[in-house]
Structures are given as C-alpha cells and as structure tokens.
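Visitor: structure_17.cif (mmCIF, C-alpha atoms) pasted underneath:
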data_data
loop_
_atom_site.label_atom_id
_atom_site.label_comp_id
_atom_site.auth_asym_id
_atom_site.auth_seq_id
_atom_site.Cartn_x
_atom_site.Cartn_y
_atom_site.Cartn_z
CA MET A 151 0.00 0.00 0.00
CA ALA A 152 1.45 3.31 -1.03
CA ASP A 153 1.05 5.81 1.73
CA GLU A 154 2.63 9.16 2.11
CA THR A 155 1.96 12.18 4.18
CA ARG A 156 3.78 15.42 3.73
CA ASP A 157 3.69 18.87 5.22
CA VAL A 158 1.34 17.86 7.90
CA GLN A 159 2.02 18.06 11.56
CA VAL A 160 0.80 14.67 12.54
CA GLN A 161 1.27 14.14 16.18
CA GLU A 162 -1.24 11.62 17.28
CA THR A 163 -3.88 11.12 14.69
CA GLN A 164 -5.50 8.52 16.81
CA LYS A 165 -8.45 9.70 18.80
CA GLN A 166 -8.21 9.75 22.52
CA GLU A 167 -10.92 7.85 24.29
CA VAL A 168 -12.71 9.38 27.24
CA ALA A 169 -11.38 7.83 30.42
CA ALA A 170 -13.97 6.10 32.55
CA GLY A 171 -14.72 8.66 35.21
CA ASP A 172 -17.12 8.86 38.09
CA ALA A 173 -20.19 8.84 35.87
CA GLU A 174 -20.71 5.98 33.48
CA ARG A 175 -22.15 6.63 30.08
CA THR A 176 -25.69 5.55 29.37
CA ARG A 177 -25.11 5.20 25.65
CA ASP A 178 -23.47 2.02 24.53
CA ARG A 179 -21.02 3.83 22.35
CA VAL A 180 -17.42 4.82 22.71
CA ALA A 181 -16.75 8.50 23.41
CA PHE A 182 -13.70 10.48 22.41
CA VAL A 183 -12.09 13.63 23.71
CA PRO A 184 -12.36 16.23 20.94
CA ARG A 185 -9.17 18.12 20.19
CA ALA A 186 -9.67 21.74 21.11
CA ASP A 187 -8.09 25.15 20.80
CA ILE A 188 -8.93 27.69 23.47
CA TYR A 189 -8.00 31.31 23.24
CA GLU A 190 -8.87 34.36 25.21
CA THR A 191 -9.22 38.03 24.50
CA ASP A 192 -9.88 40.85 26.94
CA ASP A 193 -13.62 40.36 26.78
CA ALA A 194 -14.26 36.76 25.73
CA ILE A 195 -13.08 33.18 25.65
CA PHE A 196 -13.21 31.17 22.43
CA VAL A 197 -13.35 27.40 22.26
CA VAL A 198 -12.85 25.58 18.96
CA ALA A 199 -13.26 21.79 18.93
CA ASP A 200 -12.90 19.19 16.17
CA MET A 201 -15.98 17.00 16.21
CA PRO A 202 -16.38 15.36 12.81
CA GLY A 203 -19.81 13.79 12.36
CA VAL A 204 -21.50 16.33 14.60
CA ASP A 205 -23.86 19.07 13.40
CA GLU A 206 -25.80 21.83 15.13
CA ASN A 207 -28.57 19.44 16.11
CA SER A 208 -26.39 16.81 17.70
CA VAL A 209 -24.35 18.82 20.15
CA ASP A 210 -25.19 19.75 23.72
CA ILE A 211 -23.39 22.51 25.54
CA THR A 212 -23.96 23.44 29.15
CA LEU A 213 -22.26 25.85 31.48
CA GLU A 214 -22.91 25.20 35.12
CA ASN A 215 -20.86 26.27 38.12
CA ASN A 216 -18.04 27.35 35.88
CA VAL A 217 -17.88 23.92 34.21
CA LEU A 218 -18.38 23.94 30.49
CA SER A 219 -19.59 20.57 29.20
CA ILE A 220 -19.53 19.67 25.54
CA ASN A 221 -21.33 16.56 24.33
CA GLY A 222 -21.54 15.61 20.69
CA TYR A 223 -23.55 12.68 19.42
CA VAL A 224 -22.54 10.96 16.22
CA GLU A 225 -24.63 8.69 14.05
CA PRO A 226 -22.03 6.48 12.39
CA VAL A 227 -22.00 6.36 8.60
CA ARG A 228 -22.82 2.83 7.50
CA PRO A 229 -23.07 2.53 3.73
CA GLU A 230 -25.80 0.10 2.80
CA ASN A 231 -24.74 -3.26 1.37
CA TYR A 232 -21.11 -2.58 2.20
CA SER A 233 -19.01 -4.16 4.90
CA LEU A 234 -16.18 -2.51 6.75
CA ALA A 235 -13.08 -4.02 5.16
CA TYR A 236 -10.32 -1.92 6.64
CA ALA A 237 -10.40 0.59 9.46
CA GLU A 238 -7.93 3.16 10.73
CA TYR A 239 -10.23 5.18 12.92
CA ARG A 240 -13.19 4.58 15.15
CA VAL A 241 -16.41 6.53 15.21
CA GLY A 242 -18.05 7.59 18.43
CA ASP A 243 -19.48 10.42 20.45
CA TYR A 244 -17.52 13.32 21.85
CA GLN A 245 -17.36 14.43 25.41
CA ARG A 246 -15.24 17.02 27.17
CA ARG A 247 -15.40 19.37 30.13
CA PHE A 248 -13.51 22.51 30.91
CA THR A 249 -13.39 24.63 34.01
CA ILE A 250 -13.78 28.29 33.16
CA SER A 251 -12.30 30.62 35.73
CA ASP A 252 -13.86 33.85 34.47
CA GLN A 253 -17.43 34.91 35.00
CA ILE A 254 -19.27 34.30 31.76
CA ASP A 255 -22.31 36.16 30.55
CA GLN A 256 -24.54 33.10 30.11
CA ASP A 257 -27.02 34.88 27.84
CA GLY A 258 -24.32 36.03 25.51
CA ILE A 259 -22.90 32.60 24.71
CA GLU A 260 -22.90 31.78 21.03
CA ALA A 261 -22.23 28.40 19.48
CA SER A 262 -21.95 27.25 15.90
CA VAL A 263 -20.97 24.06 14.10
CA LYS A 264 -19.55 24.01 10.61
CA ASP A 265 -17.85 21.17 8.76
CA GLY A 266 -17.57 19.21 11.99
CA VAL A 267 -15.96 22.01 13.98
CA LEU A 268 -17.68 23.46 17.04
CA ARG A 269 -17.01 27.12 17.82
CA LEU A 270 -18.01 28.66 21.12
CA TYR A 271 -17.97 32.31 22.04
CA LEU A 272 -18.12 32.90 25.78
CA PRO A 273 -18.29 36.61 26.63
CA LYS A 274 -16.98 37.61 30.04
CA SER A 275 -19.65 39.26 32.19
CA VAL A 276 -17.24 41.37 34.22
CA PRO A 277 -15.57 43.99 32.11
CA ALA A 278 -11.89 43.38 31.75
CA ALA A 279 -9.82 45.00 34.43
CA ARG A 280 -9.38 48.63 33.51
CA LYS A 281 -6.03 50.16 33.48
CA ILE A 282 -5.84 52.87 36.04
CA ALA A 283 -3.99 55.89 34.97
CA VAL A 284 -1.57 57.10 37.54
CA ARG A 285 -1.19 60.81 37.54
CA ALA A 286 1.88 62.47 38.66
CA GLY A 287 1.09 64.34 41.85
CA MET B 280 -23.18 -23.26 2.61
CA LEU B 281 -19.80 -24.72 1.90
CA LEU B 282 -18.01 -21.66 0.61
CA ARG B 283 -18.31 -18.07 1.73
CA PRO B 284 -19.43 -16.12 -1.32
CA PHE B 285 -16.85 -13.33 -1.41
CA ASP B 286 -13.87 -15.15 -0.03
CA SER B 287 -11.81 -14.48 -3.10
CA PHE B 288 -12.69 -10.79 -3.01
CA TRP B 289 -11.93 -10.27 0.64
CA SER B 290 -8.47 -11.67 0.59
CA PRO B 291 -6.67 -8.52 -0.61
CA TRP B 292 -8.12 -6.52 2.27
CA ARG B 293 -7.12 -9.16 4.73
CA GLU B 294 -3.66 -9.16 3.25
CA MET B 295 -3.45 -5.36 3.55
CA GLU B 296 -4.54 -5.44 7.14
CA ARG B 297 -2.02 -8.17 7.88
CA LEU B 298 0.73 -6.12 6.23
CA ARG B 299 -0.25 -3.00 8.11
CA ARG B 300 -0.12 -4.82 11.44
CA GLU B 301 3.18 -6.31 10.51
CA MET B 302 4.61 -2.91 9.57
CA ASN B 303 3.32 -1.35 12.78
CA ARG B 304 4.93 -4.14 14.75
CA LEU B 305 8.23 -3.67 12.93
CA PHE B 306 8.25 0.08 13.38
CA ALA B 307 7.25 -0.19 17.00
CA ALA B 308 10.22 -2.45 17.57
CA THR B 309 12.79 -0.22 15.87
CA THR B 310 11.71 3.33 16.72
CA PRO B 311 11.91 4.93 20.13
CA ALA B 312 8.76 4.69 22.17
CA ARG B 313 6.39 7.55 21.51
CA LEU B 314 3.76 9.06 23.66
CA GLY B 315 0.84 6.73 23.28
CA GLY B 316 3.09 3.91 22.16
CA GLY B 317 1.99 3.84 18.52
CA VAL B 318 3.57 4.97 15.29
CA ALA B 319 2.53 8.17 13.58
CA LEU B 320 -0.26 7.17 11.25
CA ALA B 321 -0.84 8.59 7.83
CA TYR B 322 -3.23 11.53 7.79
CA PRO B 323 -6.12 11.48 7.36
CA ALA B 324 -7.11 8.16 8.83
CA MET B 325 -9.37 6.25 6.47
CA ASN B 326 -12.02 3.60 6.81
CA VAL B 327 -12.79 1.43 3.82
CA TRP B 328 -16.15 -0.17 3.18
CA ALA B 329 -16.28 -2.72 0.39
CA ASN B 330 -18.50 -5.04 -1.55
CA GLU B 331 -18.11 -6.88 -4.86
CA ASP B 332 -18.91 -3.72 -6.86
CA GLY B 333 -16.41 -1.37 -5.30
CA ALA B 334 -15.50 0.50 -2.18
CA ILE B 335 -16.49 3.52 -0.13
CA ILE B 336 -13.75 5.34 1.72
CA THR B 337 -14.52 7.66 4.61
CA ALA B 338 -12.17 10.11 6.29
CA GLU B 339 -12.67 12.66 9.04
CA LEU B 340 -11.55 16.12 7.93
CA PRO B 341 -13.05 18.58 10.40
CA GLY B 342 -12.70 22.21 9.49
CA VAL B 343 -11.40 21.55 6.00
CA ASN B 344 -13.11 23.66 3.37
CA PRO B 345 -14.69 21.23 0.88
CA GLU B 346 -13.38 23.41 -1.94
CA ASP B 347 -9.86 22.73 -0.73
CA ILE B 348 -10.25 18.96 -0.94
CA ASP B 349 -8.77 17.42 -4.05
CA VAL B 350 -9.68 13.83 -4.89
CA SER B 351 -8.16 12.14 -7.91
CA VAL B 352 -8.13 8.54 -9.09
CA VAL B 353 -5.82 6.85 -11.59
CA ASP B 354 -6.23 3.10 -12.20
CA ASP B 355 -6.22 1.63 -8.70
CA THR B 356 -4.75 4.61 -6.86
CA LEU B 357 -6.64 7.28 -4.96
CA THR B 358 -4.90 10.54 -4.14
CA LEU B 359 -6.40 12.82 -1.52
CA LYS B 360 -5.08 16.31 -0.94
CA GLY B 361 -6.22 19.13 1.26
CA GLY B 362 -5.41 21.28 4.21
CA ARG B 363 -6.64 23.80 6.69
CA GLU B 364 -5.41 27.05 8.11
CA PRO B 365 -5.39 28.17 11.72
CA ASP B 366 -7.93 30.77 12.89
CA GLU B 367 -6.90 34.33 12.53
CA LEU B 368 -6.75 35.68 16.02
CA GLN B 369 -7.73 39.17 17.03
CA GLU B 370 -5.01 41.31 18.36
CA GLY B 371 -4.27 40.67 22.00
CA ALA B 372 -5.68 37.14 22.00
CA THR B 373 -3.68 34.45 23.74
CA TYR B 374 -3.88 30.71 23.40
CA HIS B 375 -4.59 28.55 26.41
CA ARG B 376 -4.66 25.32 24.46
CA ARG B 377 -3.63 24.40 20.96
CA GLU B 378 -4.38 20.79 20.18
CA ARG B 379 -5.78 20.98 16.68
CA ASN B 380 -3.43 20.39 13.78
CA TYR B 381 -3.04 22.61 10.75
CA GLY B 382 -1.30 22.34 7.44
CA LYS B 383 -1.49 20.50 4.16
CA PHE B 384 -1.80 16.79 3.66
CA THR B 385 -1.45 14.34 0.82
CA ARG B 386 -2.39 10.75 1.06
CA VAL B 387 -2.09 8.10 -1.59
CA PHE B 388 -4.12 4.96 -1.17
CA ARG B 389 -3.99 1.91 -3.39
CA LEU B 390 -7.07 -0.19 -3.79
CA PRO B 391 -7.05 -3.88 -4.61
CA PHE B 392 -8.99 -3.24 -7.82
CA GLN B 393 -9.11 -0.90 -10.82
CA VAL B 394 -11.48 2.02 -10.30
CA GLU B 395 -14.00 3.35 -12.83
CA ALA B 396 -12.57 6.86 -12.55
CA ASP B 397 -15.52 8.58 -14.28
CA GLU B 398 -17.94 7.18 -11.73
CA VAL B 399 -16.12 8.27 -8.59
CA LYS B 400 -18.26 10.44 -6.33
CA ALA B 401 -17.28 12.36 -3.23
CA THR B 402 -19.45 14.04 -0.61
CA PHE B 403 -18.48 16.10 2.40
CA GLU B 404 -20.87 16.39 5.31
CA LYS B 405 -20.28 17.44 8.92
CA GLY B 406 -16.56 17.25 8.35
CA VAL B 407 -16.66 13.68 7.08
CA LEU B 408 -15.53 12.94 3.54
CA GLN B 409 -17.07 9.99 1.76
CA ILE B 410 -15.66 8.79 -1.55
CA SER B 411 -17.47 6.17 -3.56
CA LEU B 412 -15.13 4.17 -5.81
CA PRO B 413 -16.87 1.75 -8.16
CA ARG B 414 -14.84 -1.14 -9.46
CA ALA B 415 -14.09 -0.95 -13.17
CA GLU B 416 -16.31 -3.24 -15.23
CA SER B 417 -13.25 -4.74 -16.93
CA ASP B 418 -11.75 -5.58 -13.55
CA LYS B 419 -14.72 -7.52 -12.25
CA PRO B 420 -14.42 -11.28 -12.18
CA LYS B 421 -16.07 -12.95 -15.15
CA LYS B 422 -18.10 -15.99 -14.68
CA ILE B 423 -16.93 -18.67 -17.07
CA ALA B 424 -19.53 -21.14 -18.10
CA VAL B 425 -18.19 -24.63 -18.25
CA LYS B 426 -19.54 -26.52 -21.19
CA THR B 427 -19.75 -30.19 -21.27
CA GLY B 428 -18.17 -31.80 -24.23
#
When written as structure tokens, how does the structure in this file appear?
Guide:
Amino acid sequence: MADETRDVQVQETQKQEVAAGDAERTRDRVAFVPRADIYETDDAIFVVADMPGVDENSVDITLENNVLSINGYVEPVRPENYSLAYAEYRVGDYQRRFTISDQIDQDGIEASVKDGVLRLYLPKSVPAARKIAVRAG
Amino acid sequence: MLLRPFDSFWSPWREMERLRREMNRLFAATTPARLGGGVALAYPAMNVWANEDGAIITAELPGVNPEDIDVSVVDDTLTLKGGREPDELQEGATYHRRERNYGKFTRVFRLPFQVEADEVKATFEKGVLQISLPRAESDKPKKIAVKTG
C-alpha cells in the first residue's frame, strides 16, 4: 500500500478515548475527547473543537458552576450493502469538560458548528480589568 | 453453505490489514517509544467499506473547506489532498490550548482493484468525507460457463 503524508504536523492522529470517570455513560457507544483550541481576548473566551460527524442538532453545551460541558452525538455512517473491510479510525461520540475561571455572561454565549468544527464564544460578564492611569502628583 | 461467497474478493483486504499490522509491529520495535506507544499514522485516517462492486472510503476532515479537498483517481490509486489554516486571532488574543493540527496533507491509497474513474463520487458532510469508488467493469471477475463436451 502506497502511503505518504507530507507537510502535515501529525502528532497523534488517533483519537483519545474518554477515560472512565465517576459517571458511566448511558449510551453504549465509545466517546472520544475532541481536540480543542482555546483562546482568550480581553472580553471573551473562544473554544474551537474538532468533532467530525456532529452538526448543530447533535451537540449539547452546558455551562454550570463554571464547568463547560460539551457533548456531541454521532450517528455512524454505514453505507448500505457494504461491509467494513479496513479501518484506521473509530467513530463515536464526543465528550469534554472545561473549568472556566472567568465569569461568563450566560445569555451572551454563542455556538456554531460548521464542517464538523464546534465554535463557542463565551463573553466575560465582568468587564476586563481597567487600566488605572496614575497621575503624577 | 460450503463456501463463503466473497472469499476471493476479501483476501486482498485481509492481506493489507495483515501487512499494516506487521509494519506497525516492525516500526514499533525499531523506533523509540512515543507518547501513546503507537507509530505516527498517515493523515487522514481512512475507513474502507467494500463489496463486490467497489468500495467507499470515509475520512474525518473537520474544518477543511470542501473546496480545498482534491480527490483524484488513476487506475487503482486514490490521491487525496487538502489542508486547513489556523484561525486568525484578534489582536491581543492568547492561546490557552492548541491541540488541533493545521497544514497541508497528501495521502495516496492503493485499492485492490481498478477504479472506474468517471464514476467516482465524493461528498463532504459534517466534516466527514465519503468517496465512492466503483470497481471498473473490466476488472470484475467474469463468470466462465463450463460446457460439457
């Protein structure tokens, strides 16, 4: 089999499975930890997560007691009359939690999913610390 | 039933899987241990669904613009190219986590049959690419009628 990969930063392409925690899953399906980027500006926090197979109707996001929970549910693609002959990746749900230290304006949260990528905008409710000008006495 | 119907068709896949395992084992034995213990796999990872008329390949490409995906097929070889760019950050933004990968990829995948290149179809939904690769008519096994003398 001819395989080549160039110019791509492949670290671990394999998906990381959610470790069995205190709460067991009710769905009989494996769950993965979505890879995420998190960045912050003065007035908001942005979360970007790779969740292929998820669309806007199959993702649940909750923010409770500063814990942001992301759950994505995936209906596996099963082409009719075909059998899986060779597999390099597994399909499953996504599940991840983050602790957010800033106060978030719950009503201002925006979420969107496009091409299997979840984007969250979490505006901070407390205005960013103002710089206090020090005058020369 | 004495014989499984598609035994002859399945064998190339089994052989590929056996080879892949063997290669992984070899690499694992000769390269330093990596985090996670495996070898770096080709990107993107692919799943192959097959029947006697062809194959369907799926790959997870979250965040890749479908217009940037290039699928081409010559004979029995599928070439998949694409890439994605990192988000453009506003000024003053700082990263807390950066786990998602960016960049270009090329993957070449050989199938155990000749593909009817004109009939190849690809769809991209929810970040999952699905390529349907029908087997060329000329490549399909012909049933030979045995005549009695």
Visitor: Would you give me, as an MDAnalysis selection string, the residues of chain B that come within 7 Å of chain A, using all atoms listed in the file?
Guide: chainID B and resid 292 296 319:322 324:330 339:342 371:389 404:407
Visitor: So what do you get for CA of Glu398 in chain B versus CA of Leu412 in chain B, distance-wise?
Guide: 7.2 Å
Visitor: Determine the nearest neighbour of Ile211 in chain A from the options A:Ile259, A:Ala181, A:Val224, A:Ile254, counting all atoms listed in the file.
Guide: A:Ile259
Visitor: Interatomic distance between CA of Lys274 in chain A and CA of Ser251 in chain A?
Guide: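 Separation between CA of Lys274 in chain A and CA of Ser251 in chain A: 10.2 Å.
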Visitor: Starting from the shown file, work through the PyMOL selection byres ((chain A and resi 247) around 8) and note down what comes out as a list in words.
Guide: Val217, Leu218, Ser219, Ile220, Gln245, Arg246, Phe248 and Thr249 of chain A
Visitor: Write the residues of the selection above to a file with C-alpha atoms, as a tab-separated table (two decimals), in the frame of the given file.
Guide:
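Saved as selection-v2.tsv:
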chain	number	residue	atom	x	y	z
A	217	VAL	CA	-17.88	23.92	34.21
A	218	LEU	CA	-18.38	23.94	30.49
A	219	SER	CA	-19.59	20.57	29.20
A	220	ILE	CA	-19.53	19.67	25.54
A	245	GLN	CA	-17.36	14.43	25.41
A	246	ARG	CA	-15.24	17.02	27.17
A	248	PHE	CA	-13.51	22.51	30.91
A	249	THR	CA	-13.39	24.63	34.01
Visitor: To one decimal place, how far is CA of Arg297 in chain B from CA of Phe392 in chain B in Å?
Guide: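 It comes out at 17.9 Å.
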